[in-house]
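Undergrad: PDB, C-alpha atoms and all ligand atoms, saved as work34.pdb, coming up:
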ATOM      1  CA  MET E   1     -81.703  -7.314  -9.430
ATOM      2  CA  ASP E   2     -82.779  -7.484 -13.063
ATOM      3  CA  ALA E   3     -80.156  -9.685 -14.719
ATOM      4  CA  PRO E   4     -78.437  -8.414 -17.886
ATOM      5  CA  TYR E   5     -78.858 -11.855 -19.401
ATOM      6  CA  PHE E   6     -81.635 -14.433 -19.757
ATOM      7  CA  THR E   7     -81.312 -16.457 -16.550
ATOM      8  CA  TYR E   8     -82.215 -20.095 -16.149
ATOM      9  CA  SER E   9     -84.496 -19.335 -13.206
ATOM     10  CA  ASP E  10     -86.404 -16.759 -15.278
ATOM     11  CA  SER E  11     -86.771 -19.258 -18.103
ATOM     12  CA  LEU E  12     -88.240 -21.804 -15.658
ATOM     13  CA  ILE E  13     -90.673 -19.262 -14.190
ATOM     14  CA  ARG E  14     -91.796 -18.323 -17.709
ATOM     15  CA  ARG E  15     -92.297 -21.949 -18.626
ATOM     16  CA  TYR E  16     -93.845 -23.301 -15.410
ATOM     17  CA  GLY E  17     -95.357 -20.204 -13.854
ATOM     18  CA  ALA E  18     -93.544 -20.701 -10.530
ATOM     19  CA  LYS E  19     -90.106 -20.970  -9.017
ATOM     20  CA  THR E  20     -88.732 -24.354 -10.034
ATOM     21  CA  TYR E  21     -85.776 -26.032  -8.316
ATOM     22  CA  LYS E  22     -83.156 -28.273  -9.818
ATOM     23  CA  ILE E  23     -82.343 -31.456  -7.905
ATOM     24  CA  THR E  24     -79.070 -33.141  -8.812
ATOM     25  CA  LEU E  25     -79.400 -36.906  -8.800
ATOM     26  CA  SER E  26     -76.931 -39.697  -9.019
ATOM     27  CA  GLY E  27     -77.495 -41.953 -11.985
ATOM     28  CA  GLY E  28     -75.027 -44.407 -10.462
ATOM     29  CA  GLN E  29     -72.655 -44.180 -13.442
ATOM     30  CA  THR E  30     -68.980 -43.448 -13.467
ATOM     31  CA  CYS E  31     -67.475 -41.596 -16.402
ATOM     32  CA  PRO E  32     -66.495 -44.202 -19.014
ATOM     33  CA  THR E  33     -63.620 -41.993 -20.126
ATOM     34  CA  ARG E  34     -62.123 -42.036 -16.655
ATOM     35  CA  ASP E  35     -62.632 -45.681 -15.874
ATOM     36  CA  GLY E  36     -61.032 -46.759 -19.161
ATOM     37  CA  THR E  37     -64.052 -48.372 -20.888
ATOM     38  CA  PHE E  38     -64.169 -45.615 -23.479
ATOM     39  CA  GLY E  39     -61.741 -42.982 -24.606
ATOM     40  CA  PRO E  40     -59.247 -41.917 -27.241
ATOM     41  CA  ARG E  41     -56.366 -43.976 -25.836
ATOM     42  CA  LYS E  42     -55.496 -46.439 -23.096
ATOM     43  CA  GLY E  43     -54.768 -44.847 -19.756
ATOM     44  CA  TRP E  44     -56.113 -41.497 -20.917
ATOM     45  CA  GLY E  45     -57.597 -40.760 -17.499
ATOM     46  CA  GLY E  46     -60.195 -38.191 -18.497
ATOM     47  CA  CYS E  47     -60.254 -34.425 -18.941
ATOM     48  CA  SER E  48     -57.413 -32.275 -17.615
ATOM     49  CA  PHE E  49     -59.694 -30.141 -15.390
ATOM     50  CA  CYS E  50     -61.692 -33.011 -13.907
ATOM     51  CA  ASP E  51     -61.023 -34.179 -10.381
ATOM     52  CA  VAL E  52     -61.391 -37.608  -8.847
ATOM     53  CA  HIS E  53     -65.100 -37.078  -8.244
ATOM     54  CA  GLY E  54     -65.896 -36.810 -11.938
ATOM     55  CA  SER E  55     -66.670 -33.226 -12.792
ATOM     56  CA  ALA E  56     -69.425 -31.629 -10.687
ATOM     57  CA  SER E  57     -71.003 -34.848  -9.555
ATOM     58  CA  TYR E  58     -69.375 -34.959  -6.127
ATOM     59  CA  PHE E  59     -72.595 -34.179  -4.307
ATOM     60  CA  SER E  60     -74.629 -36.725  -6.207
ATOM     61  CA  ASN E  61     -71.872 -39.335  -5.871
ATOM     62  CA  LEU E  62     -72.545 -39.365  -2.152
ATOM     63  CA  ARG E  63     -75.965 -40.791  -2.964
ATOM     64  CA  ARG E  64     -74.783 -43.042  -5.769
ATOM     65  CA  GLU E  65     -76.465 -46.193  -4.512
ATOM     66  CA  MET E  66     -79.746 -44.668  -3.333
ATOM     67  CA  PRO E  67     -82.883 -45.294  -5.414
ATOM     68  CA  VAL E  68     -83.894 -42.190  -7.368
ATOM     69  CA  ARG E  69     -87.184 -41.887  -5.503
ATOM     70  CA  LEU E  70     -85.414 -41.721  -2.162
ATOM     71  CA  GLN E  71     -82.918 -39.157  -3.492
ATOM     72  CA  LEU E  72     -85.862 -37.057  -4.660
ATOM     73  CA  ASP E  73     -87.688 -37.510  -1.352
ATOM     74  CA  ALA E  74     -84.658 -36.218   0.536
ATOM     75  CA  ALA E  75     -84.050 -33.177  -1.663
ATOM     76  CA  ALA E  76     -87.635 -32.258  -2.571
ATOM     77  CA  GLY E  77     -88.729 -32.529   1.053
ATOM     78  CA  ALA E  78     -86.157 -29.977   2.131
ATOM     79  CA  ILE E  79     -86.966 -27.632  -0.775
ATOM     80  CA  ARG E  80     -90.719 -27.838  -0.131
ATOM     81  CA  LYS E  81     -90.190 -27.010   3.504
ATOM     82  CA  ARG E  82     -87.757 -24.158   2.960
ATOM     83  CA  PHE E  83     -89.086 -22.494  -0.207
ATOM     84  CA  LYS E  84     -92.668 -23.808  -0.443
ATOM     85  CA  ALA E  85     -91.750 -24.898  -3.963
ATOM     86  CA  GLU E  86     -93.647 -27.668  -5.702
ATOM     87  CA  LYS E  87     -91.955 -27.919  -9.091
ATOM     88  CA  PHE E  88     -88.651 -29.616  -9.751
ATOM     89  CA  VAL E  89     -86.088 -30.359 -12.421
ATOM     90  CA  ALA E  90     -84.574 -33.831 -12.007
ATOM     91  CA  TYR E  91     -80.961 -33.518 -13.136
ATOM     92  CA  PHE E  92     -78.711 -36.467 -13.971
ATOM     93  CA  GLN E  93     -75.134 -36.319 -15.094
ATOM     94  CA  SER E  94     -75.026 -39.400 -17.239
ATOM     95  CA  TYR E  95     -72.738 -41.059 -19.716
ATOM     96  CA  THR E  96     -73.424 -43.820 -22.124
ATOM     97  CA  THR E  97     -71.442 -46.215 -24.251
ATOM     98  CA  THR E  98     -73.507 -49.375 -24.194
ATOM     99  CA  HIS E  99     -77.047 -50.596 -24.659
ATOM    100  CA  GLN E 100     -76.981 -51.955 -21.122
ATOM    101  CA  GLU E 101     -76.325 -48.473 -19.770
ATOM    102  CA  ILE E 102     -79.267 -47.100 -21.724
ATOM    103  CA  GLU E 103     -81.542 -49.679 -20.107
ATOM    104  CA  GLU E 104     -80.171 -48.626 -16.723
ATOM    105  CA  PHE E 105     -80.817 -44.917 -17.501
ATOM    106  CA  LYS E 106     -84.364 -45.708 -18.582
ATOM    107  CA  HIS E 107     -85.127 -47.293 -15.265
ATOM    108  CA  ARG E 108     -83.836 -44.246 -13.354
ATOM    109  CA  TYR E 109     -85.395 -41.651 -15.665
ATOM    110  CA  ASP E 110     -88.761 -43.437 -15.435
ATOM    111  CA  GLU E 111     -88.598 -43.155 -11.669
ATOM    112  CA  ALA E 112     -87.694 -39.456 -11.763
ATOM    113  CA  VAL E 113     -90.372 -38.518 -14.295
ATOM    114  CA  ALA E 114     -93.052 -40.293 -12.247
ATOM    115  CA  TYR E 115     -92.151 -38.332  -9.098
ATOM    116  CA  PRO E 116     -94.760 -35.740  -8.020
ATOM    117  CA  GLY E 117     -93.745 -32.222  -9.024
ATOM    118  CA  VAL E 118     -91.026 -33.166 -11.533
ATOM    119  CA  VAL E 119     -91.726 -31.015 -14.610
ATOM    120  CA  ARG E 120     -88.421 -31.476 -16.386
ATOM    121  CA  LEU E 121     -85.839 -34.203 -16.827
ATOM    122  CA  ALA E 122     -82.311 -32.826 -17.318
ATOM    123  CA  VAL E 123     -79.482 -35.006 -18.573
ATOM    124  CA  GLY E 124     -75.852 -34.124 -19.098
ATOM    125  CA  THR E 125     -73.418 -36.056 -21.263
ATOM    126  CA  ARG E 126     -70.465 -35.797 -23.644
ATOM    127  CA  PRO E 127     -71.114 -35.187 -27.345
ATOM    128  CA  ASP E 128     -69.331 -38.452 -28.169
ATOM    129  CA  CYS E 129     -71.565 -40.387 -25.745
ATOM    130  CA  LEU E 130     -74.827 -39.573 -27.473
ATOM    131  CA  PRO E 131     -76.076 -42.436 -29.645
ATOM    132  CA  GLU E 132     -79.395 -42.069 -31.470
ATOM    133  CA  GLU E 133     -80.772 -44.649 -29.042
ATOM    134  CA  ILE E 134     -80.433 -42.203 -26.134
ATOM    135  CA  LEU E 135     -82.070 -39.389 -28.116
ATOM    136  CA  ALA E 136     -84.958 -41.715 -28.912
ATOM    137  CA  LEU E 137     -85.249 -42.608 -25.225
ATOM    138  CA  LEU E 138     -85.385 -38.927 -24.232
ATOM    139  CA  GLY E 139     -88.136 -38.395 -26.797
ATOM    140  CA  THR E 140     -90.317 -40.970 -25.037
ATOM    141  CA  TYR E 141     -90.677 -38.651 -22.013
ATOM    142  CA  LEU E 142     -92.023 -35.689 -23.970
ATOM    143  CA  ASP E 143     -95.606 -36.818 -23.478
ATOM    144  CA  ARG E 144     -95.144 -36.134 -19.735
ATOM    145  CA  VAL E 145     -92.314 -33.651 -19.061
ATOM    146  CA  ASP E 146     -89.852 -31.362 -20.814
ATOM    147  CA  VAL E 147     -86.359 -32.719 -21.325
ATOM    148  CA  GLN E 148     -83.173 -30.694 -21.127
ATOM    149  CA  LEU E 149     -80.065 -32.176 -22.703
ATOM    150  CA  GLU E 150     -76.774 -30.587 -21.684
ATOM    151  CA  LEU E 151     -73.746 -31.439 -23.800
ATOM    152  CA  GLY E 152     -70.199 -30.972 -22.518
ATOM    153  CA  VAL E 153     -68.867 -28.865 -25.369
ATOM    154  CA  GLN E 154     -66.358 -26.859 -23.249
ATOM    155  CA  SER E 155     -64.890 -25.019 -26.266
ATOM    156  CA  LEU E 156     -65.273 -24.853 -30.028
ATOM    157  CA  GLN E 157     -61.544 -24.496 -30.569
ATOM    158  CA  ASP E 158     -59.554 -27.670 -31.172
ATOM    159  CA  GLU E 159     -56.431 -26.307 -29.499
ATOM    160  CA  VAL E 160     -58.376 -25.627 -26.295
ATOM    161  CA  LEU E 161     -60.117 -29.016 -26.415
ATOM    162  CA  GLU E 162     -56.737 -30.683 -26.750
ATOM    163  CA  TRP E 163     -55.420 -28.720 -23.780
ATOM    164  CA  PHE E 164     -58.472 -29.831 -21.806
ATOM    165  CA  ASP E 165     -57.663 -33.403 -22.930
ATOM    166  CA  ARG E 166     -61.288 -33.875 -23.874
ATOM    167  CA  GLY E 167     -60.688 -36.670 -26.341
ATOM    168  CA  HIS E 168     -63.004 -35.105 -28.935
ATOM    169  CA  ASP E 169     -62.730 -32.141 -31.247
ATOM    170  CA  ALA E 170     -65.006 -29.202 -32.047
ATOM    171  CA  ALA E 171     -66.512 -30.990 -35.067
ATOM    172  CA  CYS E 172     -67.667 -33.787 -32.741
ATOM    173  CA  ALA E 173     -69.256 -31.247 -30.372
ATOM    174  CA  ILE E 174     -71.094 -29.520 -33.222
ATOM    175  CA  ASP E 175     -72.218 -32.898 -34.564
ATOM    176  CA  GLY E 176     -73.637 -33.808 -31.122
ATOM    177  CA  LEU E 177     -75.489 -30.497 -30.842
ATOM    178  CA  GLU E 178     -76.868 -30.728 -34.377
ATOM    179  CA  ARG E 179     -78.060 -34.318 -33.958
ATOM    180  CA  ALA E 180     -79.771 -33.427 -30.682
ATOM    181  CA  LEU E 181     -81.428 -30.352 -32.212
ATOM    182  CA  ALA E 182     -82.552 -32.385 -35.235
ATOM    183  CA  ALA E 183     -84.131 -34.911 -32.844
ATOM    184  CA  ALA E 184     -85.843 -32.037 -30.984
ATOM    185  CA  ALA E 185     -87.285 -30.783 -34.298
ATOM    186  CA  ARG E 186     -88.575 -34.283 -35.126
ATOM    187  CA  PHE E 187     -90.287 -34.550 -31.732
ATOM    188  CA  ARG E 188     -91.836 -31.097 -32.199
ATOM    189  CA  ALA E 189     -93.178 -32.135 -35.594
ATOM    190  CA  GLN E 190     -94.903 -35.093 -33.909
ATOM    191  CA  GLY E 191     -96.963 -32.611 -31.904
ATOM    192  CA  LEU E 192     -95.719 -33.833 -28.514
ATOM    193  CA  PRO E 193     -96.852 -31.592 -25.651
ATOM    194  CA  HIS E 194     -93.338 -31.046 -24.239
ATOM    195  CA  GLU E 195     -89.992 -29.846 -25.588
ATOM    196  CA  LEU E 196     -86.460 -31.192 -25.829
ATOM    197  CA  ASP E 197     -84.070 -28.307 -25.039
ATOM    198  CA  VAL E 198     -80.405 -28.548 -25.980
ATOM    199  CA  SER E 199     -77.686 -26.609 -24.196
ATOM    200  CA  ALA E 200     -73.881 -26.416 -24.275
ATOM    201  CA  HIS E 201     -71.626 -26.493 -21.219
ATOM    202  CA  LEU E 202     -68.597 -24.247 -21.796
ATOM    203  CA  ILE E 203     -65.406 -23.447 -19.904
ATOM    204  CA  ILE E 204     -63.966 -19.959 -20.365
ATOM    205  CA  GLY E 205     -60.392 -19.091 -19.407
ATOM    206  CA  ALA E 206     -57.968 -21.399 -21.218
ATOM    207  CA  PRO E 207     -54.696 -19.510 -21.716
ATOM    208  CA  MET E 208     -54.708 -19.714 -25.527
ATOM    209  CA  GLU E 209     -58.338 -18.510 -25.851
ATOM    210  CA  THR E 210     -58.784 -14.971 -27.230
ATOM    211  CA  ASP E 211     -61.763 -12.616 -27.305
ATOM    212  CA  GLU E 212     -62.097 -13.360 -31.030
ATOM    213  CA  ASP E 213     -62.391 -17.068 -30.225
ATOM    214  CA  LEU E 214     -65.178 -16.314 -27.737
ATOM    215  CA  ILE E 215     -67.022 -14.178 -30.276
ATOM    216  CA  ARG E 216     -66.742 -16.939 -32.880
ATOM    217  CA  MET E 217     -68.001 -19.481 -30.342
ATOM    218  CA  ALA E 218     -71.062 -17.356 -29.504
ATOM    219  CA  GLN E 219     -71.793 -16.821 -33.194
ATOM    220  CA  ARG E 220     -71.452 -20.533 -33.924
ATOM    221  CA  LEU E 221     -73.841 -21.449 -31.102
ATOM    222  CA  ASN E 222     -76.323 -18.819 -32.318
ATOM    223  CA  ALA E 223     -76.160 -20.339 -35.798
ATOM    224  CA  VAL E 224     -76.532 -23.927 -34.564
ATOM    225  CA  GLY E 225     -79.600 -22.845 -32.581
ATOM    226  CA  VAL E 226     -78.944 -24.108 -29.041
ATOM    227  CA  GLN E 227     -81.555 -23.184 -26.445
ATOM    228  CA  GLY E 228     -79.076 -22.742 -23.585
ATOM    229  CA  VAL E 229     -75.479 -22.278 -22.456
ATOM    230  CA  LYS E 230     -73.899 -23.008 -19.083
ATOM    231  CA  LEU E 231     -70.649 -21.181 -18.379
ATOM    232  CA  HIS E 232     -67.893 -22.256 -16.056
ATOM    233  CA  HIS E 233     -64.739 -20.249 -15.446
ATOM    234  CA  LEU E 234     -61.525 -22.245 -15.565
ATOM    235  CA  HIS E 235     -60.456 -23.266 -12.111
ATOM    236  CA  VAL E 236     -57.909 -25.801 -10.948
ATOM    237  CA  LEU E 237     -58.758 -28.602  -8.559
ATOM    238  CA  LYS E 238     -56.392 -30.878  -6.695
ATOM    239  CA  LYS E 239     -55.437 -34.225  -8.224
ATOM    240  CA  THR E 240     -56.087 -33.082 -11.785
ATOM    241  CA  LYS E 241     -53.768 -32.937 -14.776
ATOM    242  CA  LEU E 242     -54.191 -29.158 -14.729
ATOM    243  CA  GLU E 243     -52.913 -28.963 -11.170
ATOM    244  CA  ARG E 244     -49.519 -30.277 -12.288
ATOM    245  CA  LYS E 245     -49.352 -27.800 -15.181
ATOM    246  CA  PHE E 246     -50.475 -24.900 -13.025
ATOM    247  CA  LYS E 247     -47.969 -25.664 -10.300
ATOM    248  CA  ALA E 248     -45.258 -25.896 -12.956
ATOM    249  CA  GLY E 249     -46.150 -22.310 -13.877
ATOM    250  CA  GLU E 250     -47.396 -23.252 -17.367
ATOM    251  CA  PHE E 251     -50.471 -20.979 -17.299
ATOM    252  CA  PRO E 252     -52.149 -18.269 -15.214
ATOM    253  CA  LEU E 253     -55.701 -18.279 -13.837
ATOM    254  CA  LEU E 254     -58.062 -15.370 -14.370
ATOM    255  CA  GLU E 255     -58.837 -12.961 -11.569
ATOM    256  CA  MET E 256     -62.545 -12.374 -11.066
ATOM    257  CA  GLU E 257     -62.806  -9.186 -13.151
ATOM    258  CA  GLU E 258     -60.611 -10.648 -15.895
ATOM    259  CA  TYR E 259     -63.116 -13.479 -16.117
ATOM    260  CA  PHE E 260     -66.035 -11.016 -16.128
ATOM    261  CA  ALA E 261     -64.504  -9.317 -19.169
ATOM    262  CA  ARG E 262     -64.183 -12.631 -21.045
ATOM    263  CA  ALA E 263     -67.656 -13.852 -20.107
ATOM    264  CA  ALA E 264     -69.128 -10.482 -21.129
ATOM    265  CA  VAL E 265     -67.509 -10.661 -24.576
ATOM    266  CA  PHE E 266     -69.138 -14.037 -25.067
ATOM    267  CA  LEU E 267     -72.557 -13.042 -23.719
ATOM    268  CA  ARG E 268     -72.751  -9.778 -25.637
ATOM    269  CA  HIS E 269     -72.412 -11.785 -28.872
ATOM    270  CA  LEU E 270     -74.858 -14.474 -27.787
ATOM    271  CA  ASP E 271     -78.441 -14.431 -29.067
ATOM    272  CA  PRO E 272     -80.561 -12.880 -26.251
ATOM    273  CA  GLY E 273     -83.109 -15.699 -26.562
ATOM    274  CA  ILE E 274     -80.577 -18.306 -25.422
ATOM    275  CA  VAL E 275     -80.960 -19.203 -21.750
ATOM    276  CA  VAL E 276     -77.853 -18.710 -19.605
ATOM    277  CA  HIS E 277     -78.031 -21.580 -17.140
ATOM    278  CA  ARG E 278     -75.067 -20.307 -15.166
ATOM    279  CA  THR E 279     -72.280 -17.741 -15.519
ATOM    280  CA  HIS E 280     -69.753 -19.245 -13.084
ATOM    281  CA  GLY E 281     -68.688 -22.547 -11.686
ATOM    282  CA  LEU E 282     -68.202 -23.297  -8.023
ATOM    283  CA  ALA E 283     -65.608 -25.460  -6.339
ATOM    284  CA  PRO E 284     -67.978 -27.498  -4.163
ATOM    285  CA  HIS E 285     -65.228 -28.321  -1.691
ATOM    286  CA  PRO E 286     -62.905 -25.386  -1.054
ATOM    287  CA  GLU E 287     -60.223 -27.685   0.364
ATOM    288  CA  GLU E 288     -59.942 -29.256  -3.089
ATOM    289  CA  LEU E 289     -59.500 -25.938  -4.861
ATOM    290  CA  VAL E 290     -56.042 -24.912  -6.062
ATOM    291  CA  GLY E 291     -57.235 -21.636  -7.558
ATOM    292  CA  PRO E 292     -58.444 -19.037  -8.197
ATOM    293  CA  ALA E 293     -59.600 -18.354  -4.621
ATOM    294  CA  TRP E 294     -62.792 -16.592  -5.768
ATOM    295  CA  SER E 295     -63.953 -19.917  -7.198
ATOM    296  CA  ALA E 296     -64.987 -20.978  -3.693
ATOM    297  CA  GLN E 297     -67.666 -18.253  -3.453
ATOM    298  CA  LYS E 298     -71.125 -19.214  -4.594
ATOM    299  CA  ILE E 299     -73.298 -16.114  -4.767
ATOM    300  CA  HIS E 300     -70.923 -13.147  -4.632
ATOM    301  CA  PRO E 301     -69.281 -13.532  -8.100
ATOM    302  CA  VAL E 302     -72.674 -14.017  -9.756
ATOM    303  CA  GLU E 303     -74.166 -10.855  -8.222
ATOM    304  CA  GLN E 304     -70.946  -8.919  -8.849
ATOM    305  CA  PHE E 305     -70.975  -9.977 -12.492
ATOM    306  CA  LYS E 306     -74.562  -8.783 -12.990
ATOM    307  CA  ARG E 307     -73.672  -5.439 -11.423
ATOM    308  CA  TRP E 308     -70.454  -5.194 -13.455
ATOM    309  CA  MET E 309     -72.396  -5.722 -16.717
ATOM    310  CA  GLN E 310     -75.098  -3.254 -15.684
ATOM    311  CA  GLU E 311     -72.630  -0.522 -14.728
ATOM    312  CA  ARG E 312     -71.335  -0.669 -18.299
ATOM    313  CA  GLY E 313     -74.810  -0.754 -19.824
ATOM    314  CA  TRP E 314     -74.082  -4.155 -21.378
ATOM    315  CA  ARG E 315     -76.572  -6.942 -21.990
ATOM    316  CA  GLN E 316     -76.631 -10.376 -23.505
ATOM    317  CA  GLY E 317     -76.869 -10.019 -27.273
ATOM    318  CA  ASP E 318     -76.299  -6.267 -27.463
ATOM    319  CA  LEU E 319     -73.533  -6.872 -30.042
ATOM    320  CA  VAL E 320     -75.473  -9.408 -32.103
ATOM    321  CA  HIS E 321     -76.025  -7.951 -35.533
ATOM    322  CA  PRO E 322     -79.136  -8.951 -37.454
ATOM    323  CA  ALA E 323     -78.255 -11.262 -40.366
TER     324      ALA E 323
HETATM  325  S1  LIG E 401     -65.272 -33.843 -17.233
HETATM  326 FE1  LIG E 401     -64.321 -35.413 -18.578
HETATM  327  S2  LIG E 401     -63.311 -36.900 -17.226
HETATM  328 FE2  LIG E 401     -64.710 -35.644 -15.967
HETATM  329  S3  LIG E 401     -66.601 -36.765 -15.805
HETATM  330 FE3  LIG E 401     -66.818 -35.385 -17.575
HETATM  331  S4  LIG E 401     -66.080 -36.510 -19.381
HETATM  332 FE4  LIG E 401     -65.402 -37.622 -17.539
END
What is this structure when it is put down as structure tokens?
Ligand code: SF4
TA:
Amino acid sequence: MDAPYFTYSDSLIRRYGAKTYKITLSGGQTCPTRDGTFGPRKGWGGCSFCDVHGSASYFSNLRREMPVRLQLDAAAGAIRKRFKAEKFVAYFQSYTTTHQEIEEFKHRYDEAVAYPGVVRLAVGTRPDCLPEEILALLGTYLDRVDVQLELGVQSLQDEVLEWFDRGHDAACAIDGLERALAAAARFRAQGLPHELDVSAHLIIGAPMETDEDLIRMAQRLNAVGVQGVKLHHLHVLKKTKLERKFKAGEFPLLEMEEYFARAAVFLRHLDPGIVVHRTHGLAPHPEELVGPAWSAQKIHPVEQFKRWMQERGWRQGDLVHPA
């Protein structure tokens, strides 16, 4: 089905000429904002939506201690066999607060970039865990592979960020995006053969978020010039701060079509050249999901959403007005 938005898989086919698969790797790190080494206050305990496994890294945490090459062998072998694919994105969810960590990342990134078939290094982090040193490190790989930097922005509304207990505000998120994009422009000016792409991870569905807020967020991201967005609907996992609030009846969760309507408002105001890495999240372990129930389905909501947009004749960027 032709997607009504610019999908990540299409962007990879355009760039690499073939289906390219993302392999999630463990960088071995914990989140410094959960383990108490970094954060706005003592005992903060991390973001309100994040479960004990540290965001989406549950799968990779299982392989935390394995060398990167062996992790790649395991995943790439299966993908080669099943899909006959030969090109891969090596994806790390990483955090950084110290020079020592950067040295540790370098070692792991070097291994990933040297692996046969890896055409892109993807790294996720928080906007307040992005020193210039890490941007410089990412730039060193652009002679060999593309680099994709994914920043956990979540929202550009301070009230929502506070509710998520992110420990940073919207100005910090914009600063992180702008510094990363400025670094990408510097690398481009050096004539390096590969690109640094910058994308924003966003969560849609906080109870105080309005359609106007979503429109403003899309417009702000258009203006900043990100290359990608990754959407996640708000869901509640067990053993999170949100679970307590949800069970106390403090907020509702969106039904699937309610979420479609919110995501569509955002996408229709988003520049059509921005890659949509994902339109939904997935609870990787249904037994850990509090709600909504549709969060446990992987493919169905994505296909339904495409159809839902198409039935209305809507597309990404169809409400973007030329400046
Ligand atoms: S979502 Fe928040 S608490 Fe969870 S791993 Fe990311 S920064 Fe840490």
Undergrad: Can I get the residues of chain E within 7 Å of ligand LIG 401 (chain E), each with the closest pair of atoms and their distance in Å to one decimal, using all atoms listed in the file, sorted chain first then ascending number, as CSV?
TA:
residue,atom,partner,partner_atom,distance
E:Cys31,CA,E:LIG401,FE4,4.6
E:Pro32,CA,E:LIG401,FE4,6.8
E:Thr33,CA,E:LIG401,FE4,5.4
E:Arg34,CA,E:LIG401,S2,5.3
E:Gly45,CA,E:LIG401,S2,6.9
E:Gly46,CA,E:LIG401,S2,3.6
E:Cys47,CA,E:LIG401,FE1,4.2
E:Phe49,CA,E:LIG401,S1,6.9
E:Cys50,CA,E:LIG401,FE2,4.5
E:Asp51,CA,E:LIG401,FE2,6.9
E:Gly54,CA,E:LIG401,S3,3.9
E:Ser55,CA,E:LIG401,FE2,4.4
E:Arg126,CA,E:LIG401,S4,6.2
E:Arg166,CA,E:LIG401,FE1,6.3
Undergrad: Taking only C-alpha atoms into account, which of E:Asp318, E:Glu132, E:Glu212, E:Glu104 comes nearest Ala180 of chain E?
TA: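 Smallest separation from Ala180 of chain E among the options: E:Glu132.
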Undergrad: Using all atoms listed in the file, which of E:Ser9, E:Gln71, E:Thr279, E:Thr140 sits nearest Glu195 of chain E?
TA: E:Thr140
Undergrad: What is the atom CA of Trp294 of chain E-atom CA of Ala263 of chain E distance in Å, reported with one decimal?
TA: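 Calculated distance between atom CA of Trp294 of chain E and atom CA of Ala263 of chain E is 15.4 Å.
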Undergrad: Atom CA of Ala248 of chain E to atom CA of Ala170 of chain E: how many Å, to one decimal?
TA: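 The value is 27.7 Å.
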Undergrad: Have a look at E:Ile23, E:Ala223, E:Leu138, E:Met66 and name the one nearest to Ile102 of chain E; count all atoms listed in the file.
TA: E:Leu138
Undergrad: Using all atoms listed in the file for the distances, tell me which of E:Val229, E:Arg188, E:Leu137, E:Val290 is nearest to Phe105 of chain E.
TA: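 Looking only at the distances to Phe105 of chain E, the closest residue turns out to be E:Leu137.
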Undergrad: Residue by residue, what does the PyMOL selection byres (((chain E and resi 283) around 6) and not hetatm) grab here? Present the result as a list of chain:residue names.
TA: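 On this input, the PyMOL selection byres (((chain E and resi 283) around 6) and not hetatm) captures E:Leu282, E:Pro284, E:His285, E:Pro286, E:Ser295, E:Ala296.
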Undergrad: Do a neighbour search on segment 147-159 of chain E at 8 Å with only C-alpha atoms, toss out local chain neighbours closer than 2 positions, and write the hits as a PyMOL selection string.
TA: chain E and resi 120-127+138+141-142+145+161-163+169-170+173+176-177+194-204+208+213+217
Undergrad: Nearest residue to Arg262 of chain E out of E:Val276, E:Leu214, E:Leu289, E:Leu192, using all atoms listed in the file?
TA: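 Nearest candidate to Arg262 of chain E out of E:Val276, E:Leu214, E:Leu289, E:Leu192: E:Leu214.
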Undergrad: Name all residues at most 10 Å from Gly17 of chain E (count all atoms listed in the file; drop same-chain ones fewer than 6 positions away) and give them as a short mmCIF file (atom, residue, chain, number, x, y, z; two decimals) with C-alpha atoms, keeping the file's coordinate frame.
TA:
data_model
loop_
_atom_site.label_atom_id
_atom_site.label_comp_id
_atom_site.auth_asym_id
_atom_site.auth_seq_id
_atom_site.Cartn_x
_atom_site.Cartn_y
_atom_site.Cartn_z
CA ASP E 10 -86.40 -16.76 -15.28
CA SER E 11 -86.77 -19.26 -18.10
CA LYS E 87 -91.96 -27.92 -9.09
#
Undergrad: Within 12 Å of segment 114-116 of chain E, counting all atoms listed in the file, which residues show up once you throw out same-chain ones fewer than 6 positions away? Write them as a CSV table (one decimal) with C-alpha atoms, keeping the file's coordinate frame, please.
TA:
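The resulting file, part.csv, is shown below:
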chain,number,residue,atom,x,y,z
E,68,VAL,CA,-83.9,-42.2,-7.4
E,69,ARG,CA,-87.2,-41.9,-5.5
E,70,LEU,CA,-85.4,-41.7,-2.2
E,71,GLN,CA,-82.9,-39.2,-3.5
E,72,LEU,CA,-85.9,-37.1,-4.7
E,73,ASP,CA,-87.7,-37.5,-1.4
E,76,ALA,CA,-87.6,-32.3,-2.6
E,77,GLY,CA,-88.7,-32.5,1.1
E,80,ARG,CA,-90.7,-27.8,-0.1
E,85,ALA,CA,-91.8,-24.9,-4.0
E,86,GLU,CA,-93.6,-27.7,-5.7
E,87,LYS,CA,-92.0,-27.9,-9.1
E,88,PHE,CA,-88.7,-29.6,-9.8
E,89,VAL,CA,-86.1,-30.4,-12.4
E,90,ALA,CA,-84.6,-33.8,-12.0
E,107,HIS,CA,-85.1,-47.3,-15.3
E,108,ARG,CA,-83.8,-44.2,-13.4
E,141,TYR,CA,-90.7,-38.7,-22.0
E,144,ARG,CA,-95.1,-36.1,-19.7
E,145,VAL,CA,-92.3,-33.7,-19.1
Undergrad: If you count all atoms listed in the file, which residues fall within 9 Å of Leu253 of chain E, apart from same-chain ones fewer than 2 positions away, as a count of residues only?
TA: 11
